[in-house]
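S.K.: Here it is, the structure, as structure tokens.
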Protein chains: 2
Amino acid sequence: MAHPKALLFDVFGTVVDWRSGISSAVSEIAKKIGHSVDPEAFADAWRGLYQPSMQEVRDEKRPFTILDVLHRESLHTVLSQFSFPELSTEDEQFLVTAWHRLNGWPDATDGLAALKQHYIIAPQSNGNIALIVNMAKHSQLGWDLVLGAEVVSHYKPCPEAYVIACEKLGLSPQECMMVAAHNDDLAAAKAQGLMTAFILRPHEHGKGQKTDLKAEGAWNYCADDFLDLARQLEADR
Amino acid sequence: MAHPKALLFDVFGTVVDWRSGISSAVSEIAKKIGHSVDPEAFADAWRGLYQPSMQEVRDEKRPFTILDVLHRESLHTVLSQFSFPELSTEDEQFLVTAWHRLNGWPDATDGLAALKQHYIIAPQSNGNIALIVNMAKHSQLGWDLVLGAEVVSHYKPCPEAYVIACEKLGLSPQECMMVAAHNDDLAAAKAQGLMTAFILRPHEHGKGQKTDLKAEGAWNYCADDFLDLARQLEADR
């Protein structure tokens, strides 16, 4: 089997645990202002607006807009759905930037460090540059560089999001491997010629998770976490 | 004095020693094909076409074009000037990618690691993404992310090259500090509101260097190398 030169990572769910991070931030603000809320339901609802918010950009109904802006817009919708009173500017900013302060899964820091020894490692996330950089500093994610939607001006799963990311590295799609906990992300990457690695993240959506509990395509690698992926790649070197 | 949140670095001359790296690669190819050449004169001539090659982009006479392409074009000119026979595709590629394999100054790896502990560190170079990433892997330069001309679509010293780089980090120019061995780069950054740090690199142009031997503006910091800059910043924290 051919060996990749660069690993491109999905981030939300694959590298970091967005659900517990966001629900924790929502809890904190709700407690501060004395509002009763199910924080995990709030996090799920906010994340539920993620794909629709990007669809307008994908459909070219609006110019490319970074995720921080889309997150803020969808936050307003969810705050209203959950009957929040109007938040202060500071509290709203705290919630929007909660996405910058997400914690990595337990293997994230060490797993990325192991993979970095032999490969270029870069997030190819829909998160904007500042979000991903601040998250990396917060959670010790040692990227070689930050790629992603803001660098390539396209949101996944548009083909351009994968193809241009490889071009930026001066590599062909065949020399790059997409690493994700989501089968649909890997299918879109594979369609553009990238290699693929599925990472099992069975608690991204909490204990009752029903999706992405197994590989649903002929991916090059299937791993329990990044350390497992590093071991499997090492065995094939 | 205000303290920066991010440090943006010039790369060629400030972080890496381009002249010895390029002349060494030129020597290797000349020896291989049996051509007599002064490799340092060749390196100086090639680098001499650097600013003119970007000027067409700055003047919007051609669309934004990455430095690897400009380097290849100017290489053809210099090969002709130095009466080289036609090179093989492989040898030409070796020379173009010599810019990807430049060595850092002796303090570069450790100095950047020290600065990274407290600041976001990113190259804001005219080098393209692949060039800077490959160089970072080659010379252990631990950037948090790769900014630069290809990310902001403008070549320094255009104002946009500095302003958009700060925007990508979600920071104001006042929260960012340009770090460079070149007074003109710092002047352009300061004009956009960035803080500035001058690094003395007295041998960038060889032993007879006559330019940038001292700070020529009211820069926030003047340092002998990156470790010295880290110490000075630490003293001001």
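Order determines the names: the first chain of the structure tokens is A, the second B, and so forth; residues in each chain are numbered 1 upward, and ligands are numbered 1 upward as they are shown.
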Determine, for each residue of chain B having at least one atom at most 10 Å from an atom of chain A, the closest pair of atoms and their separation in Å to one decimal, counting only C-alpha atoms; order by chain and ascending number, as CSV.
M.R.:
```
residue,atom,partner,partner_atom,distance
B:Ile66,CA,A:Lys168,CA,10.0
B:Asp68,CA,A:Gly170,CA,9.8
B:Lys116,CA,A:Lys137,CA,9.4
B:Gln117,CA,A:Lys137,CA,9.3
B:His118,CA,A:Lys137,CA,9.7
B:Tyr119,CA,A:Lys137,CA,9.2
B:Ile120,CA,A:Lys137,CA,7.9
B:Ala122,CA,A:Leu145,CA,9.1
B:Asn128,CA,A:Lys168,CA,8.1
B:Ile129,CA,A:Lys168,CA,6.1
B:Ala130,CA,A:Leu169,CA,4.5
B:Leu131,CA,A:Leu169,CA,8.2
B:Ile132,CA,A:Leu145,CA,9.4
B:Val133,CA,A:Asp144,CA,7.0
B:Asn134,CA,A:Ile120,CA,8.6
B:Ala136,CA,A:Asp144,CA,8.0
B:Lys137,CA,A:Ile120,CA,7.9
B:Leu141,CA,A:Asp144,CA,9.1
B:Gly142,CA,A:Asp144,CA,7.2
B:Trp143,CA,A:Asp144,CA,6.7
B:Asp144,CA,A:Leu145,CA,6.5
B:Leu145,CA,A:Leu145,CA,4.2
B:Val146,CA,A:Leu145,CA,5.2
B:Leu147,CA,A:Leu145,CA,8.6
B:Glu150,CA,A:Lys168,CA,8.6
B:Val151,CA,A:Val151,CA,6.2
B:Val152,CA,A:Val151,CA,8.8
B:Cys166,CA,A:Ala130,CA,9.7
B:Glu167,CA,A:Ala130,CA,8.6
B:Lys168,CA,A:Ile129,CA,6.1
B:Leu169,CA,A:Ala130,CA,4.5
B:Gly170,CA,A:Ala130,CA,5.6
B:Leu171,CA,A:Ala130,CA,8.5
```
S.K.: Excluding B:Gly48 and residues on its chain fewer than 6 positions from it, collect all residues at most 10 Å away from it, counting only C-alpha atoms, and give them as number ranges by chain.
M.R.: B: 42, 74, 78
S.K.: From the options A:Ala41, A:Arg58, A:Thr109, A:Gln174, which residue's atoms come nearest to A:Leu79, counting only C-alpha atoms?
M.R.: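 Looking only at the distances to A:Leu79, the closest residue turns out to be A:Ala41.
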S.K.: Matching every Cα in sequence order between the two identical chains, what are the coordinates of chain A once fitted onto chain B? Write them as a PDB file with C-alpha atoms, in the first residue's frame.
M.R.:
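As written to disk, superposed-v4.pdb reads:
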```pdb
ATOM      1  CA  MET A   1       4.320  48.709  27.147  1.00  0.00           C
ATOM      2  CA  ALA A   2       1.531  46.589  25.675  1.00  0.00           C
ATOM      3  CA  HIS A   3       2.381  42.938  25.228  1.00  0.00           C
ATOM      4  CA  PRO A   4       1.822  41.053  21.965  1.00  0.00           C
ATOM      5  CA  LYS A   5      -0.337  37.928  21.706  1.00  0.00           C
ATOM      6  CA  ALA A   6       1.171  36.717  18.451  1.00  0.00           C
ATOM      7  CA  LEU A   7       4.586  37.000  16.837  1.00  0.00           C
ATOM      8  CA  LEU A   8       4.727  37.108  13.034  1.00  0.00           C
ATOM      9  CA  PHE A   9       8.103  36.232  11.540  1.00  0.00           C
ATOM     10  CA  ASP A  10       9.880  37.107   8.397  1.00  0.00           C
ATOM     11  CA  VAL A  11      11.609  33.887   7.342  1.00  0.00           C
ATOM     12  CA  PHE A  12      14.274  34.263   4.627  1.00  0.00           C
ATOM     13  CA  GLY A  13      17.241  35.808   6.412  1.00  0.00           C
ATOM     14  CA  THR A  14      15.458  36.172   9.753  1.00  0.00           C
ATOM     15  CA  VAL A  15      14.827  32.492  10.557  1.00  0.00           C
ATOM     16  CA  VAL A  16      16.888  30.677   7.936  1.00  0.00           C
ATOM     17  CA  ASP A  17      20.224  31.219   6.207  1.00  0.00           C
ATOM     18  CA  TRP A  18      19.126  31.242   2.571  1.00  0.00           C
ATOM     19  CA  ARG A  19      22.524  32.224   1.116  1.00  0.00           C
ATOM     20  CA  SER A  20      24.541  29.257   2.313  1.00  0.00           C
ATOM     21  CA  GLY A  21      21.681  26.845   1.618  1.00  0.00           C
ATOM     22  CA  ILE A  22      21.161  27.997  -1.947  1.00  0.00           C
ATOM     23  CA  SER A  23      24.867  28.260  -2.776  1.00  0.00           C
ATOM     24  CA  SER A  24      25.392  24.755  -1.430  1.00  0.00           C
ATOM     25  CA  ALA A  25      22.640  23.366  -3.672  1.00  0.00           C
ATOM     26  CA  VAL A  26      24.030  25.254  -6.672  1.00  0.00           C
ATOM     27  CA  SER A  27      27.509  23.863  -5.957  1.00  0.00           C
ATOM     28  CA  GLU A  28      26.129  20.367  -5.858  1.00  0.00           C
ATOM     29  CA  ILE A  29      24.380  20.637  -9.239  1.00  0.00           C
ATOM     30  CA  ALA A  30      27.322  22.453 -10.863  1.00  0.00           C
ATOM     31  CA  LYS A  31      29.700  19.744  -9.694  1.00  0.00           C
ATOM     32  CA  LYS A  32      27.339  17.013 -10.902  1.00  0.00           C
ATOM     33  CA  ILE A  33      27.146  18.419 -14.433  1.00  0.00           C
ATOM     34  CA  GLY A  34      30.757  19.665 -14.533  1.00  0.00           C
ATOM     35  CA  HIS A  35      29.977  23.369 -14.796  1.00  0.00           C
ATOM     36  CA  SER A  36      32.183  26.019 -13.187  1.00  0.00           C
ATOM     37  CA  VAL A  37      30.319  28.632 -11.152  1.00  0.00           C
ATOM     38  CA  ASP A  38      30.683  30.981  -8.184  1.00  0.00           C
ATOM     39  CA  PRO A  39      27.841  29.530  -6.110  1.00  0.00           C
ATOM     40  CA  GLU A  40      27.463  32.519  -3.800  1.00  0.00           C
ATOM     41  CA  ALA A  41      27.306  34.900  -6.727  1.00  0.00           C
ATOM     42  CA  PHE A  42      24.636  32.630  -8.225  1.00  0.00           C
ATOM     43  CA  ALA A  43      22.674  32.652  -4.954  1.00  0.00           C
ATOM     44  CA  ASP A  44      22.905  36.446  -4.749  1.00  0.00           C
ATOM     45  CA  ALA A  45      21.766  36.810  -8.358  1.00  0.00           C
ATOM     46  CA  TRP A  46      18.810  34.476  -7.815  1.00  0.00           C
ATOM     47  CA  ARG A  47      17.813  36.279  -4.634  1.00  0.00           C
ATOM     48  CA  GLY A  48      18.304  39.546  -6.513  1.00  0.00           C
ATOM     49  CA  LEU A  49      15.342  38.655  -8.728  1.00  0.00           C
ATOM     50  CA  TYR A  50      13.127  37.997  -5.688  1.00  0.00           C
ATOM     51  CA  GLN A  51      11.703  41.483  -5.214  1.00  0.00           C
ATOM     52  CA  PRO A  52      11.252  42.213  -8.958  1.00  0.00           C
ATOM     53  CA  SER A  53       9.438  38.884  -9.430  1.00  0.00           C
ATOM     54  CA  MET A  54       6.882  39.771  -6.749  1.00  0.00           C
ATOM     55  CA  GLN A  55       6.477  43.341  -7.961  1.00  0.00           C
ATOM     56  CA  GLU A  56       4.322  42.255 -10.901  1.00  0.00           C
ATOM     57  CA  VAL A  57       1.913  40.654  -8.445  1.00  0.00           C
ATOM     58  CA  ARG A  58       1.967  43.670  -6.142  1.00  0.00           C
ATOM     59  CA  ASP A  59       1.261  45.911  -9.134  1.00  0.00           C
ATOM     60  CA  GLU A  60      -1.590  43.580 -10.159  1.00  0.00           C
ATOM     61  CA  LYS A  61       0.030  42.975 -13.543  1.00  0.00           C
ATOM     62  CA  ARG A  62      -0.438  39.251 -12.910  1.00  0.00           C
ATOM     63  CA  PRO A  63      -2.694  37.305 -10.540  1.00  0.00           C
ATOM     64  CA  PHE A  64      -1.311  36.125  -7.228  1.00  0.00           C
ATOM     65  CA  THR A  65       1.347  33.524  -7.995  1.00  0.00           C
ATOM     66  CA  ILE A  66       3.113  31.446  -5.356  1.00  0.00           C
ATOM     67  CA  LEU A  67       6.823  31.879  -4.727  1.00  0.00           C
ATOM     68  CA  ASP A  68       7.760  28.384  -5.960  1.00  0.00           C
ATOM     69  CA  VAL A  69       6.581  29.453  -9.416  1.00  0.00           C
ATOM     70  CA  LEU A  70       8.387  32.816  -9.232  1.00  0.00           C
ATOM     71  CA  HIS A  71      11.549  31.061  -8.015  1.00  0.00           C
ATOM     72  CA  ARG A  72      11.424  28.697 -10.995  1.00  0.00           C
ATOM     73  CA  GLU A  73      10.975  31.542 -13.458  1.00  0.00           C
ATOM     74  CA  SER A  74      13.857  33.558 -12.012  1.00  0.00           C
ATOM     75  CA  LEU A  75      16.016  30.417 -11.861  1.00  0.00           C
ATOM     76  CA  HIS A  76      15.742  30.140 -15.644  1.00  0.00           C
ATOM     77  CA  THR A  77      17.040  33.705 -15.966  1.00  0.00           C
ATOM     78  CA  VAL A  78      19.973  33.121 -13.622  1.00  0.00           C
ATOM     79  CA  LEU A  79      20.938  29.787 -15.162  1.00  0.00           C
ATOM     80  CA  SER A  80      21.193  31.598 -18.474  1.00  0.00           C
ATOM     81  CA  GLN A  81      23.222  34.483 -16.958  1.00  0.00           C
ATOM     82  CA  PHE A  82      25.686  31.979 -15.510  1.00  0.00           C
ATOM     83  CA  SER A  83      25.876  30.058 -18.829  1.00  0.00           C
ATOM     84  CA  PHE A  84      24.525  26.803 -17.454  1.00  0.00           C
ATOM     85  CA  PRO A  85      23.638  24.103 -19.987  1.00  0.00           C
ATOM     86  CA  GLU A  86      19.986  23.016 -19.913  1.00  0.00           C
ATOM     87  CA  LEU A  87      19.273  21.153 -16.672  1.00  0.00           C
ATOM     88  CA  SER A  88      17.329  17.935 -16.331  1.00  0.00           C
ATOM     89  CA  THR A  89      13.840  18.278 -14.842  1.00  0.00           C
ATOM     90  CA  GLU A  90      15.134  16.560 -11.730  1.00  0.00           C
ATOM     91  CA  ASP A  91      18.087  18.924 -11.266  1.00  0.00           C
ATOM     92  CA  GLU A  92      15.906  21.983 -11.820  1.00  0.00           C
ATOM     93  CA  GLN A  93      13.431  20.686  -9.245  1.00  0.00           C
ATOM     94  CA  PHE A  94      16.296  20.087  -6.819  1.00  0.00           C
ATOM     95  CA  LEU A  95      17.267  23.747  -7.091  1.00  0.00           C
ATOM     96  CA  VAL A  96      13.720  25.124  -6.831  1.00  0.00           C
ATOM     97  CA  THR A  97      13.086  23.020  -3.730  1.00  0.00           C
ATOM     98  CA  ALA A  98      16.437  23.988  -2.202  1.00  0.00           C
ATOM     99  CA  TRP A  99      14.413  26.901  -0.793  1.00  0.00           C
ATOM    100  CA  HIS A 100      12.319  24.264   1.067  1.00  0.00           C
ATOM    101  CA  ARG A 101      15.452  22.804   2.677  1.00  0.00           C
ATOM    102  CA  LEU A 102      17.140  25.880   4.114  1.00  0.00           C
ATOM    103  CA  ASN A 103      18.737  25.566   7.520  1.00  0.00           C
ATOM    104  CA  GLY A 104      17.720  27.747  10.436  1.00  0.00           C
ATOM    105  CA  TRP A 105      20.213  30.069  12.116  1.00  0.00           C
ATOM    106  CA  PRO A 106      21.758  28.292  15.145  1.00  0.00           C
ATOM    107  CA  ASP A 107      19.220  29.783  17.583  1.00  0.00           C
ATOM    108  CA  ALA A 108      16.154  29.225  15.398  1.00  0.00           C
ATOM    109  CA  THR A 109      14.768  25.923  16.707  1.00  0.00           C
ATOM    110  CA  ASP A 110      15.331  26.605  20.403  1.00  0.00           C
ATOM    111  CA  GLY A 111      14.460  30.284  20.135  1.00  0.00           C
ATOM    112  CA  LEU A 112      11.114  29.617  18.469  1.00  0.00           C
ATOM    113  CA  ALA A 113      10.363  26.892  21.041  1.00  0.00           C
ATOM    114  CA  ALA A 114      11.009  29.391  23.849  1.00  0.00           C
ATOM    115  CA  LEU A 115       8.817  32.050  22.249  1.00  0.00           C
ATOM    116  CA  LYS A 116       6.058  29.507  21.536  1.00  0.00           C
ATOM    117  CA  GLN A 117       5.541  28.964  25.248  1.00  0.00           C
ATOM    118  CA  HIS A 118       3.929  32.375  25.650  1.00  0.00           C
ATOM    119  CA  TYR A 119       2.906  33.517  22.165  1.00  0.00           C
ATOM    120  CA  ILE A 120       1.290  32.304  18.987  1.00  0.00           C
ATOM    121  CA  ILE A 121       4.195  32.058  16.545  1.00  0.00           C
ATOM    122  CA  ALA A 122       3.639  32.105  12.798  1.00  0.00           C
ATOM    123  CA  PRO A 123       5.728  32.845   9.734  1.00  0.00           C
ATOM    124  CA  GLN A 124       4.406  35.815   7.767  1.00  0.00           C
ATOM    125  CA  SER A 125       6.740  35.156   4.867  1.00  0.00           C
ATOM    126  CA  ASN A 126       6.462  35.620   1.140  1.00  0.00           C
ATOM    127  CA  GLY A 127       7.198  31.889   0.841  1.00  0.00           C
ATOM    128  CA  ASN A 128       4.287  29.655  -0.130  1.00  0.00           C
ATOM    129  CA  ILE A 129       2.699  27.197   2.277  1.00  0.00           C
ATOM    130  CA  ALA A 130       4.430  24.038   1.008  1.00  0.00           C
ATOM    131  CA  LEU A 131       7.825  25.756   1.020  1.00  0.00           C
ATOM    132  CA  ILE A 132       7.414  26.944   4.603  1.00  0.00           C
ATOM    133  CA  VAL A 133       5.998  23.632   5.865  1.00  0.00           C
ATOM    134  CA  ASN A 134       8.733  21.564   4.249  1.00  0.00           C
ATOM    135  CA  MET A 135      11.363  23.946   5.643  1.00  0.00           C
ATOM    136  CA  ALA A 136       9.812  23.683   9.106  1.00  0.00           C
ATOM    137  CA  LYS A 137       9.963  19.878   9.006  1.00  0.00           C
ATOM    138  CA  HIS A 138      13.544  20.008   7.678  1.00  0.00           C
ATOM    139  CA  SER A 139      14.801  22.499  10.269  1.00  0.00           C
ATOM    140  CA  GLN A 140      12.552  21.786  13.280  1.00  0.00           C
ATOM    141  CA  LEU A 141      10.787  25.125  13.290  1.00  0.00           C
ATOM    142  CA  GLY A 142       7.772  24.578  15.535  1.00  0.00           C
ATOM    143  CA  TRP A 143       5.276  27.069  14.138  1.00  0.00           C
ATOM    144  CA  ASP A 144       1.783  27.132  15.609  1.00  0.00           C
ATOM    145  CA  LEU A 145       0.458  27.735  12.114  1.00  0.00           C
ATOM    146  CA  VAL A 146       1.678  28.889   8.720  1.00  0.00           C
ATOM    147  CA  LEU A 147       0.506  32.280   7.583  1.00  0.00           C
ATOM    148  CA  GLY A 148       2.195  34.154   4.733  1.00  0.00           C
ATOM    149  CA  ALA A 149       1.601  35.482   1.259  1.00  0.00           C
ATOM    150  CA  GLU A 150      -0.328  32.426   0.026  1.00  0.00           C
ATOM    151  CA  VAL A 151      -2.762  32.624   2.957  1.00  0.00           C
ATOM    152  CA  VAL A 152      -3.384  36.358   2.683  1.00  0.00           C
ATOM    153  CA  SER A 153      -2.972  36.606  -1.144  1.00  0.00           C
ATOM    154  CA  HIS A 154      -0.619  39.598  -0.874  1.00  0.00           C
ATOM    155  CA  TYR A 155       3.140  39.940  -0.866  1.00  0.00           C
ATOM    156  CA  LYS A 156       4.935  41.980   1.750  1.00  0.00           C
ATOM    157  CA  PRO A 157       5.448  44.886   2.086  1.00  0.00           C
ATOM    158  CA  CYS A 158       1.880  45.549   0.859  1.00  0.00           C
ATOM    159  CA  PRO A 159      -0.224  46.734   3.821  1.00  0.00           C
ATOM    160  CA  GLU A 160      -2.705  43.885   3.303  1.00  0.00           C
ATOM    161  CA  ALA A 161       0.040  41.320   3.962  1.00  0.00           C
ATOM    162  CA  TYR A 162       0.284  42.521   7.564  1.00  0.00           C
ATOM    163  CA  VAL A 163      -3.313  43.523   8.243  1.00  0.00           C
ATOM    164  CA  ILE A 164      -4.956  40.363   6.900  1.00  0.00           C
ATOM    165  CA  ALA A 165      -2.470  38.155   8.760  1.00  0.00           C
ATOM    166  CA  CYS A 166      -3.620  39.719  12.045  1.00  0.00           C
ATOM    167  CA  GLU A 167      -7.270  39.351  11.023  1.00  0.00           C
ATOM    168  CA  LYS A 168      -6.762  35.633  10.347  1.00  0.00           C
ATOM    169  CA  LEU A 169      -5.691  35.271  13.977  1.00  0.00           C
ATOM    170  CA  GLY A 170      -8.710  37.225  15.184  1.00  0.00           C
ATOM    171  CA  LEU A 171      -6.317  39.840  16.566  1.00  0.00           C
ATOM    172  CA  SER A 172      -5.810  43.549  16.060  1.00  0.00           C
ATOM    173  CA  PRO A 173      -2.486  44.754  14.563  1.00  0.00           C
ATOM    174  CA  GLN A 174      -1.639  46.172  17.998  1.00  0.00           C
ATOM    175  CA  GLU A 175      -1.806  42.645  19.440  1.00  0.00           C
ATOM    176  CA  CYS A 176       0.714  41.297  16.922  1.00  0.00           C
ATOM    177  CA  MET A 177       4.454  41.866  16.636  1.00  0.00           C
ATOM    178  CA  MET A 178       6.431  41.542  13.409  1.00  0.00           C
ATOM    179  CA  VAL A 179       9.842  39.953  13.929  1.00  0.00           C
ATOM    180  CA  ALA A 180      12.370  40.558  11.159  1.00  0.00           C
ATOM    181  CA  ALA A 181      16.026  41.125  10.357  1.00  0.00           C
ATOM    182  CA  HIS A 182      15.042  43.784   7.817  1.00  0.00           C
ATOM    183  CA  ASN A 183      14.268  47.359   8.735  1.00  0.00           C
ATOM    184  CA  ASP A 184      12.022  47.885   5.698  1.00  0.00           C
ATOM    185  CA  ASP A 185       9.791  44.945   6.677  1.00  0.00           C
ATOM    186  CA  LEU A 186       9.425  46.358  10.188  1.00  0.00           C
ATOM    187  CA  ALA A 187       8.677  49.854   8.881  1.00  0.00           C
ATOM    188  CA  ALA A 188       5.868  48.472   6.717  1.00  0.00           C
ATOM    189  CA  ALA A 189       4.464  46.462   9.642  1.00  0.00           C
ATOM    190  CA  LYS A 190       4.668  49.404  12.026  1.00  0.00           C
ATOM    191  CA  ALA A 191       2.809  51.577   9.524  1.00  0.00           C
ATOM    192  CA  GLN A 192      -0.135  49.167   9.917  1.00  0.00           C
ATOM    193  CA  GLY A 193      -0.033  49.328  13.711  1.00  0.00           C
ATOM    194  CA  LEU A 194       1.901  46.168  14.518  1.00  0.00           C
ATOM    195  CA  MET A 195       4.548  46.049  17.202  1.00  0.00           C
ATOM    196  CA  THR A 196       8.062  45.382  15.892  1.00  0.00           C
ATOM    197  CA  ALA A 197      11.176  43.414  16.851  1.00  0.00           C
ATOM    198  CA  PHE A 198      14.470  43.709  14.993  1.00  0.00           C
ATOM    199  CA  ILE A 199      16.749  40.667  14.968  1.00  0.00           C
ATOM    200  CA  LEU A 200      20.386  41.226  14.053  1.00  0.00           C
ATOM    201  CA  ARG A 201      21.483  38.788  11.327  1.00  0.00           C
ATOM    202  CA  PRO A 202      24.838  40.247  10.287  1.00  0.00           C
ATOM    203  CA  HIS A 203      25.790  37.394   7.946  1.00  0.00           C
ATOM    204  CA  GLU A 204      22.613  36.991   5.889  1.00  0.00           C
ATOM    205  CA  HIS A 205      24.460  38.436   2.905  1.00  0.00           C
ATOM    206  CA  GLY A 206      27.854  36.972   3.784  1.00  0.00           C
ATOM    207  CA  LYS A 207      30.851  38.534   5.443  1.00  0.00           C
ATOM    208  CA  GLY A 208      30.694  41.811   3.578  1.00  0.00           C
ATOM    209  CA  GLN A 209      27.115  42.634   4.562  1.00  0.00           C
ATOM    210  CA  LYS A 210      26.412  46.365   4.561  1.00  0.00           C
ATOM    211  CA  THR A 211      22.643  46.534   5.198  1.00  0.00           C
ATOM    212  CA  ASP A 212      20.469  45.880   8.253  1.00  0.00           C
ATOM    213  CA  LEU A 213      23.450  45.884  10.611  1.00  0.00           C
ATOM    214  CA  LYS A 214      21.488  47.929  13.105  1.00  0.00           C
ATOM    215  CA  ALA A 215      17.965  49.027  13.981  1.00  0.00           C
ATOM    216  CA  GLU A 216      16.988  52.008  11.859  1.00  0.00           C
ATOM    217  CA  GLY A 217      13.606  52.726  13.423  1.00  0.00           C
ATOM    218  CA  ALA A 218      11.967  53.005  16.825  1.00  0.00           C
ATOM    219  CA  TRP A 219      11.239  49.295  17.076  1.00  0.00           C
ATOM    220  CA  ASN A 220       9.777  47.845  20.278  1.00  0.00           C
ATOM    221  CA  TYR A 221      12.592  45.322  20.612  1.00  0.00           C
ATOM    222  CA  CYS A 222      16.076  44.879  19.178  1.00  0.00           C
ATOM    223  CA  ALA A 223      17.642  41.480  19.795  1.00  0.00           C
ATOM    224  CA  ASP A 224      20.766  39.562  18.872  1.00  0.00           C
ATOM    225  CA  ASP A 225      18.747  36.398  18.187  1.00  0.00           C
ATOM    226  CA  PHE A 226      15.454  34.694  19.100  1.00  0.00           C
ATOM    227  CA  LEU A 227      16.696  33.529  22.500  1.00  0.00           C
ATOM    228  CA  ASP A 228      17.638  37.097  23.326  1.00  0.00           C
ATOM    229  CA  LEU A 229      14.185  38.247  22.189  1.00  0.00           C
ATOM    230  CA  ALA A 230      12.574  35.595  24.414  1.00  0.00           C
ATOM    231  CA  ARG A 231      14.600  36.837  27.385  1.00  0.00           C
ATOM    232  CA  GLN A 232      13.685  40.468  26.740  1.00  0.00           C
ATOM    233  CA  LEU A 233       9.983  39.647  26.382  1.00  0.00           C
ATOM    234  CA  GLU A 234      10.092  37.545  29.551  1.00  0.00           C
ATOM    235  CA  ALA A 235      11.632  40.482  31.443  1.00  0.00           C
ATOM    236  CA  ASP A 236       8.687  42.663  30.372  1.00  0.00           C
ATOM    237  CA  ARG A 237       5.935  40.193  31.263  1.00  0.00           C
TER     238      ARG A 237
END
```
S.K.: I need the strand (DSSP E or B) residues of stretch 60-236 of chain A per DSSP on the backbone, written as a PyMOL selection string.
M.R.: chain A and resi 104+120-123+176-180+195-199+221-223
S.K.: DSSP on the backbone, alpha helix (DSSP H) only: what residues of stretch 21-224 of chain B does that give? Format it as JSON, numbers by chain.
M.R.: {"B": [21, 22, 23, 24, 25, 26, 27, 28, 29, 30, 31, 32, 33, 39, 40, 41, 42, 43, 44, 45, 46, 47, 48, 50, 51, 52, 53, 54, 55, 56, 57, 58, 67, 68, 69, 70, 71, 72, 73, 74, 75, 76, 77, 78, 79, 80, 81, 89, 90, 91, 92, 93, 94, 95, 96, 108, 109, 110, 111, 112, 113, 114, 115, 116, 129, 130, 131, 132, 133, 134, 135, 136, 137, 138, 139, 149, 150, 151, 152, 159, 160, 161, 162, 163, 164, 165, 166, 167, 168, 183, 184, 185, 186, 187, 188, 189, 190, 191]}
